[in-house]
Amino acid sequence: MTATIIDGNALAAQLRADVARRTAELTARGTQPGLAVVLVGEDPASQVYVGKKVQACADAGFHSVLERYGADLTEADLLGRIAALNADPRIHGILVQLPLPKHIDAQKVIAAIAPEKDVDGFHVASAGALLTGTPGFWSCTPYGCMKLIESTGIDLRGKHAVVIGRSNNVGKPMALMLLQKNATVTVCHSATANLKHHTLQADVIVAAVGRQNTVTADMVKPGAVVIDIGMNRNAAGKLCGDVDFEGVKQVAGWITPVPGGVGPMTVTMLLVNTLQAAERAAA
Ligand SMILES: Nc1nc(=O)c2c([nH]1)NC[C@@H]1CN(c3ccc(C(=O)N[C@@H](CCC(=O)O)C(=O)O)cc3)C=[N+]21
C-alpha cells in the first residue's frame with residue numbers, strides 16, 4: 001500500500017478562496033481586514049516566509065503593512081511600534097516574525113500585542129484560551145495541521161495521536177488541539193526514551209522536531225496519518241521535513257509532503273485568523 005498524499009497547496013487554495021470571498025463582503029460593509037507584519041533583522045528564511053505572508057494578504061484582498069527594521073532596533077523602539085499598531089484601527093492582526101535578534105526579549109514583545117490582534121496565537125491569553133477551550137486565536141501551524149488531518153475524513157475521537165516536539169508555538173498547542181478532538185495524545189521530545197515504541201502505537205503522527213529522518217518507515221503503523229511540520233535543508237540544500245517521505249509513504253495511509261504540506265497551511269490560517277479578528281472588530 002502506498003499513502004495518499006495530503007496536498008497542502010490544494011487545501012490552502014480552497015480555504016484562501018473562501019477567505020477572499022468573505023473579505024470582499026466585509027470590505028463592502030466598510031471593514032477591510034488589515035495585517036501588520038514586523039520583521040527585525042536580515043534572517044534569510046524569515047525574509048522568504050514574510051514575503052509569502054504579504055503576498056497571501058494581497059491575494060486575499062487584505063490591507064497589509066510590512067515593517068522592516070535593522071537588527072540594531074532597540075527593544076523599546078519595537079515595543080513603541082507594537083503600541084502604535086495596537087492603536088491603529090486599520091490593523092486587525094499583528095505578527096512579529098520570529099526569531100528576533102538576541103538583545104530583544106521575544107516574550108515581552110508578544111505580551112505587548114493586544115490579544116484581540118494576536119493572529120499568530122502566541123500571546124499567553126491566546127495560549128490560555130486554547131488550553132481552556134474558550135474563544136481565542138489558535139497558533140497557525142498546528143491549526144493548519146488540524147485542517148490537514150480533518151481533510152482525510154478521519155474522526156480523531158479515541159484515536160492515538162503522537163506529537164513529536166513540545167515547543168510553545170507548535171508541539172504544545174498541537175497536543176491541545178488533538179486532545180480537544182478527543183484523541184488520546186502522547187507528547188514525545190528529546191528526552192523520550194524509546195520514540196519508536198510510541199510512534200508504532202500512533203494512528204496519527206505529527207513531527208515537529210527540526211531534524212531530518214526523525215520518523216522512518218519502521219516507526220510507523222500501517223495506515224497511519226503522518227503530518228510533517230519540519231523545515232530542514234538536506235546536504236544538497238533541498239528543503240525537507242522531519243519524516244523520511246519516500247520510505248514512510250510505503251507504510252502510512254496519509255502523508256504530507258515538504259514543501260507543499262504544512263507550510264502553505266500556516267500562511268492560510270494566518271489569513272483565517274486575521275479575517276476573524278476583522279469580523280470581530282466590525283461586529
Ligand atoms: N511570528 C511567527 N509566525 C510564524 O508563523 C512563523 C514565524 N514567526 N517564524 C518562522 C515560522 C516558519 N513559518 C513558515 C511559513 C510558511 C512556510 C511555507 O510556506 N513553506 C513552503 C515552502 C517555502 C520555501 O520554498 O522555502 C512549503 O512548505 O511549501 C514555511 C514556514 C512561519 N513561521
# chains A, B, ... in the order shown; residues from 1 in each chain; ligands from 1
call {"tool": "residues_near_ligand", "arguments": {"ligand": "ligand 1", "cutoff": "8 Å", "atoms": "only C-alpha atoms and all ligand atoms", "output": "number ranges by chain"}}
result
A: 8-9, 45-46, 48-50, 52-53, 95-99, 120, 122, 139-141, 231, 239, 257-267, 270
call {"tool": "write_last_selection", "arguments": {"atoms": "N, CA and C atoms", "output": "mmCIF file, in the first residue's frame"}}
result
data_model
loop_
_atom_site.group_PDB
_atom_site.id
_atom_site.type_symbol
_atom_site.label_atom_id
_atom_site.label_comp_id
_atom_site.auth_asym_id
_atom_site.auth_seq_id
_atom_site.Cartn_x
_atom_site.Cartn_y
_atom_site.Cartn_z
ATOM 1 N N GLY A 8 -1.255 20.086 0.676
ATOM 2 C CA GLY A 8 -1.418 21.334 1.434
ATOM 3 C C GLY A 8 -1.659 22.534 0.535
ATOM 4 N N ASN A 9 -1.048 22.543 -0.641
ATOM 5 C CA ASN A 9 -1.272 23.661 -1.561
ATOM 6 C C ASN A 9 -2.726 23.708 -2.016
ATOM 7 N N ALA A 45 15.713 33.037 5.926
ATOM 8 C CA ALA A 45 14.480 32.239 5.930
ATOM 9 C C ALA A 45 13.284 33.133 6.265
ATOM 10 N N SER A 46 13.475 34.021 7.251
ATOM 11 C CA SER A 46 12.387 34.927 7.642
ATOM 12 C C SER A 46 11.950 35.807 6.481
ATOM 13 N N VAL A 48 11.927 35.035 3.346
ATOM 14 C CA VAL A 48 11.114 34.211 2.446
ATOM 15 C C VAL A 48 9.703 34.055 3.017
ATOM 16 N N TYR A 49 9.606 33.684 4.305
ATOM 17 C CA TYR A 49 8.297 33.434 4.915
ATOM 18 C C TYR A 49 7.460 34.706 4.951
ATOM 19 N N VAL A 50 8.100 35.816 5.315
ATOM 20 C CA VAL A 50 7.378 37.086 5.406
ATOM 21 C C VAL A 50 6.880 37.501 4.023
ATOM 22 N N LYS A 52 5.959 35.516 1.662
ATOM 23 C CA LYS A 52 4.787 34.687 1.363
ATOM 24 C C LYS A 52 3.539 35.221 2.073
ATOM 25 N N LYS A 53 3.727 35.675 3.304
ATOM 26 C CA LYS A 53 2.588 36.182 4.080
ATOM 27 C C LYS A 53 2.025 37.451 3.446
ATOM 28 N N LEU A 95 1.690 40.522 13.460
ATOM 29 C CA LEU A 95 2.586 39.367 13.503
ATOM 30 C C LEU A 95 4.022 39.875 13.590
ATOM 31 N N VAL A 96 4.701 39.489 14.639
ATOM 32 C CA VAL A 96 6.125 39.815 14.769
ATOM 33 C C VAL A 96 6.893 38.545 14.415
ATOM 34 N N GLN A 97 7.600 38.578 13.295
ATOM 35 C CA GLN A 97 8.281 37.375 12.816
ATOM 36 C C GLN A 97 9.370 36.957 13.803
ATOM 37 N N LEU A 98 9.382 35.675 14.123
ATOM 38 C CA LEU A 98 10.409 35.114 14.998
ATOM 39 C C LEU A 98 11.387 34.316 14.137
ATOM 40 N N PRO A 99 12.648 34.164 14.505
ATOM 41 C CA PRO A 99 13.256 34.671 15.736
ATOM 42 C C PRO A 99 13.579 36.165 15.669
ATOM 43 N N ASP A 120 -1.271 35.437 15.416
ATOM 44 C CA ASP A 120 -0.291 34.347 15.464
ATOM 45 C C ASP A 120 -0.637 33.337 16.564
ATOM 46 N N PHE A 122 0.262 33.570 19.723
ATOM 47 C CA PHE A 122 1.431 33.363 20.587
ATOM 48 C C PHE A 122 1.303 34.012 21.966
ATOM 49 N N SER A 139 -2.699 29.082 17.288
ATOM 50 C CA SER A 139 -1.403 29.144 16.615
ATOM 51 C C SER A 139 -1.529 28.535 15.204
ATOM 52 N N CYS A 140 -1.006 29.265 14.214
ATOM 53 C CA CYS A 140 -1.327 28.962 12.811
ATOM 54 C C CYS A 140 -0.817 27.604 12.336
ATOM 55 N N THR A 141 0.388 27.203 12.729
ATOM 56 C CA THR A 141 0.938 25.939 12.213
ATOM 57 C C THR A 141 0.130 24.732 12.718
ATOM 58 N N MET A 231 11.050 21.745 8.788
ATOM 59 C CA MET A 231 11.564 22.600 7.694
ATOM 60 C C MET A 231 13.072 22.549 7.795
ATOM 61 N N LEU A 239 14.962 21.636 0.528
ATOM 62 C CA LEU A 239 14.049 21.721 1.657
ATOM 63 C C LEU A 239 13.480 20.332 1.958
ATOM 64 N N PRO A 257 3.615 16.216 2.269
ATOM 65 C CA PRO A 257 4.952 16.454 1.724
ATOM 66 C C PRO A 257 5.564 17.741 2.281
ATOM 67 N N VAL A 258 6.856 17.883 2.126
ATOM 68 C CA VAL A 258 7.565 19.149 2.403
ATOM 69 C C VAL A 258 8.480 19.417 1.211
ATOM 70 N N PRO A 259 8.310 20.524 0.500
ATOM 71 C CA PRO A 259 7.290 21.561 0.690
ATOM 72 C C PRO A 259 5.911 21.095 0.186
ATOM 73 N N GLY A 260 4.918 21.974 0.364
ATOM 74 C CA GLY A 260 3.592 21.692 -0.184
ATOM 75 C C GLY A 260 2.633 21.018 0.786
ATOM 76 N N GLY A 261 3.006 20.967 2.074
ATOM 77 C CA GLY A 261 2.124 20.358 3.076
ATOM 78 C C GLY A 261 1.686 21.394 4.095
ATOM 79 N N VAL A 262 2.369 21.391 5.224
ATOM 80 C CA VAL A 262 2.010 22.262 6.350
ATOM 81 C C VAL A 262 2.305 23.743 6.059
ATOM 82 N N GLY A 263 3.415 24.033 5.372
ATOM 83 C CA GLY A 263 3.839 25.434 5.151
ATOM 84 C C GLY A 263 2.747 26.319 4.576
ATOM 85 N N PRO A 264 2.144 25.948 3.445
ATOM 86 C CA PRO A 264 1.090 26.796 2.886
ATOM 87 C C PRO A 264 -0.131 26.918 3.793
ATOM 88 N N MET A 265 -0.366 25.902 4.635
ATOM 89 C CA MET A 265 -1.497 25.973 5.563
ATOM 90 C C MET A 265 -1.216 26.942 6.712
ATOM 91 N N THR A 266 0.049 27.056 7.127
ATOM 92 C CA THR A 266 0.403 28.024 8.171
ATOM 93 C C THR A 266 0.025 29.432 7.734
ATOM 94 N N VAL A 267 0.384 29.776 6.507
ATOM 95 C CA VAL A 267 0.071 31.112 5.986
ATOM 96 C C VAL A 267 -1.445 31.272 5.850
ATOM 97 N N LEU A 270 -3.145 32.045 9.116
ATOM 98 C CA LEU A 270 -2.888 33.444 9.473
ATOM 99 C C LEU A 270 -3.940 34.349 8.829
#
call {"tool": "select_by_dssp", "arguments": {"residues": "stretch 32-281 of chain A", "states": "strand (DSSP E)", "output": "number ranges by chain"}}
result
A: 34-40, 63-69, 93-96, 160-164, 184-188, 204-207, 225-228, 232-233, 239-240, 254-255
call {"tool": "select_by_dssp", "arguments": {"residues": "stretch 110-264 of chain A", "states": "alpha helix (DSSP H)", "output": "PyMOL selection string"}}
result
chain A and resi 110-112+124-132+140-150+171-180+195-199+245-248+262-264
call {"tool": "write_last_selection", "arguments": {"atoms": "C-alpha atoms", "output": "short mmCIF file (atom, residue, chain, number, x, y, z; two decimals), in the first residue's frame"}}
result
data_model
loop_
_atom_site.label_atom_id
_atom_site.label_comp_id
_atom_site.auth_asym_id
_atom_site.auth_seq_id
_atom_site.Cartn_x
_atom_site.Cartn_y
_atom_site.Cartn_z
CA ILE A 110 4.49 39.18 22.24
CA ALA A 111 2.98 40.16 25.59
CA ALA A 112 2.70 43.73 24.28
CA VAL A 124 -0.39 33.93 26.79
CA ALA A 125 -4.04 34.96 26.51
CA SER A 126 -4.33 33.01 23.23
CA ALA A 127 -2.46 30.02 24.69
CA GLY A 128 -4.75 30.11 27.72
CA ALA A 129 -7.84 30.27 25.52
CA LEU A 130 -6.71 27.14 23.68
CA LEU A 131 -5.93 25.39 26.97
CA THR A 132 -9.36 26.14 28.40
CA CYS A 140 -1.33 28.96 12.81
CA THR A 141 0.94 25.94 12.21
CA PRO A 142 -0.89 23.43 14.47
CA TYR A 143 -4.24 24.91 13.38
CA GLY A 144 -3.25 24.23 9.76
CA CYS A 145 -2.28 20.68 10.72
CA MET A 146 -5.75 20.13 12.20
CA LYS A 147 -7.28 21.20 8.87
CA LEU A 148 -4.97 18.80 7.00
CA ILE A 149 -5.98 15.92 9.32
CA GLU A 150 -9.65 16.90 9.00
CA GLY A 171 4.17 20.96 19.75
CA LYS A 172 2.25 22.02 22.85
CA PRO A 173 -0.67 23.71 21.05
CA MET A 174 -0.80 20.76 18.61
CA ALA A 175 -1.28 18.35 21.52
CA LEU A 176 -4.08 20.51 22.98
CA MET A 177 -5.92 20.75 19.66
CA LEU A 178 -5.78 16.96 19.18
CA LEU A 179 -7.00 16.50 22.76
CA GLN A 180 -9.89 18.85 22.09
CA LEU A 195 10.45 7.13 20.39
CA LYS A 196 9.70 4.20 18.10
CA HIS A 197 7.78 2.40 20.87
CA HIS A 198 5.38 5.36 20.95
CA THR A 199 5.12 6.13 17.24
CA PHE A 245 8.97 10.80 2.97
CA GLU A 246 9.97 8.16 0.40
CA GLY A 247 10.20 5.39 2.99
CA VAL A 248 7.21 6.35 5.16
CA VAL A 262 2.01 22.26 6.35
CA GLY A 263 3.84 25.43 5.15
CA PRO A 264 1.09 26.80 2.89
#
call {"tool": "residues_around", "arguments": {"residues": "A:Gln32", "least_positions_apart": "5", "cutoff": "8 Å", "atoms": "only C-alpha atoms", "output": "list in words"}}
result
Thr23, Ala24, Leu26, Thr27, Gly61, Phe62, His63, Arg90 and Ala278 of chain A
call {"tool": "atom_distance", "arguments": {"atom1": "atom CA of A:Val185", "atom2": "atom CA of A:His160"}}
result
6.0 Å
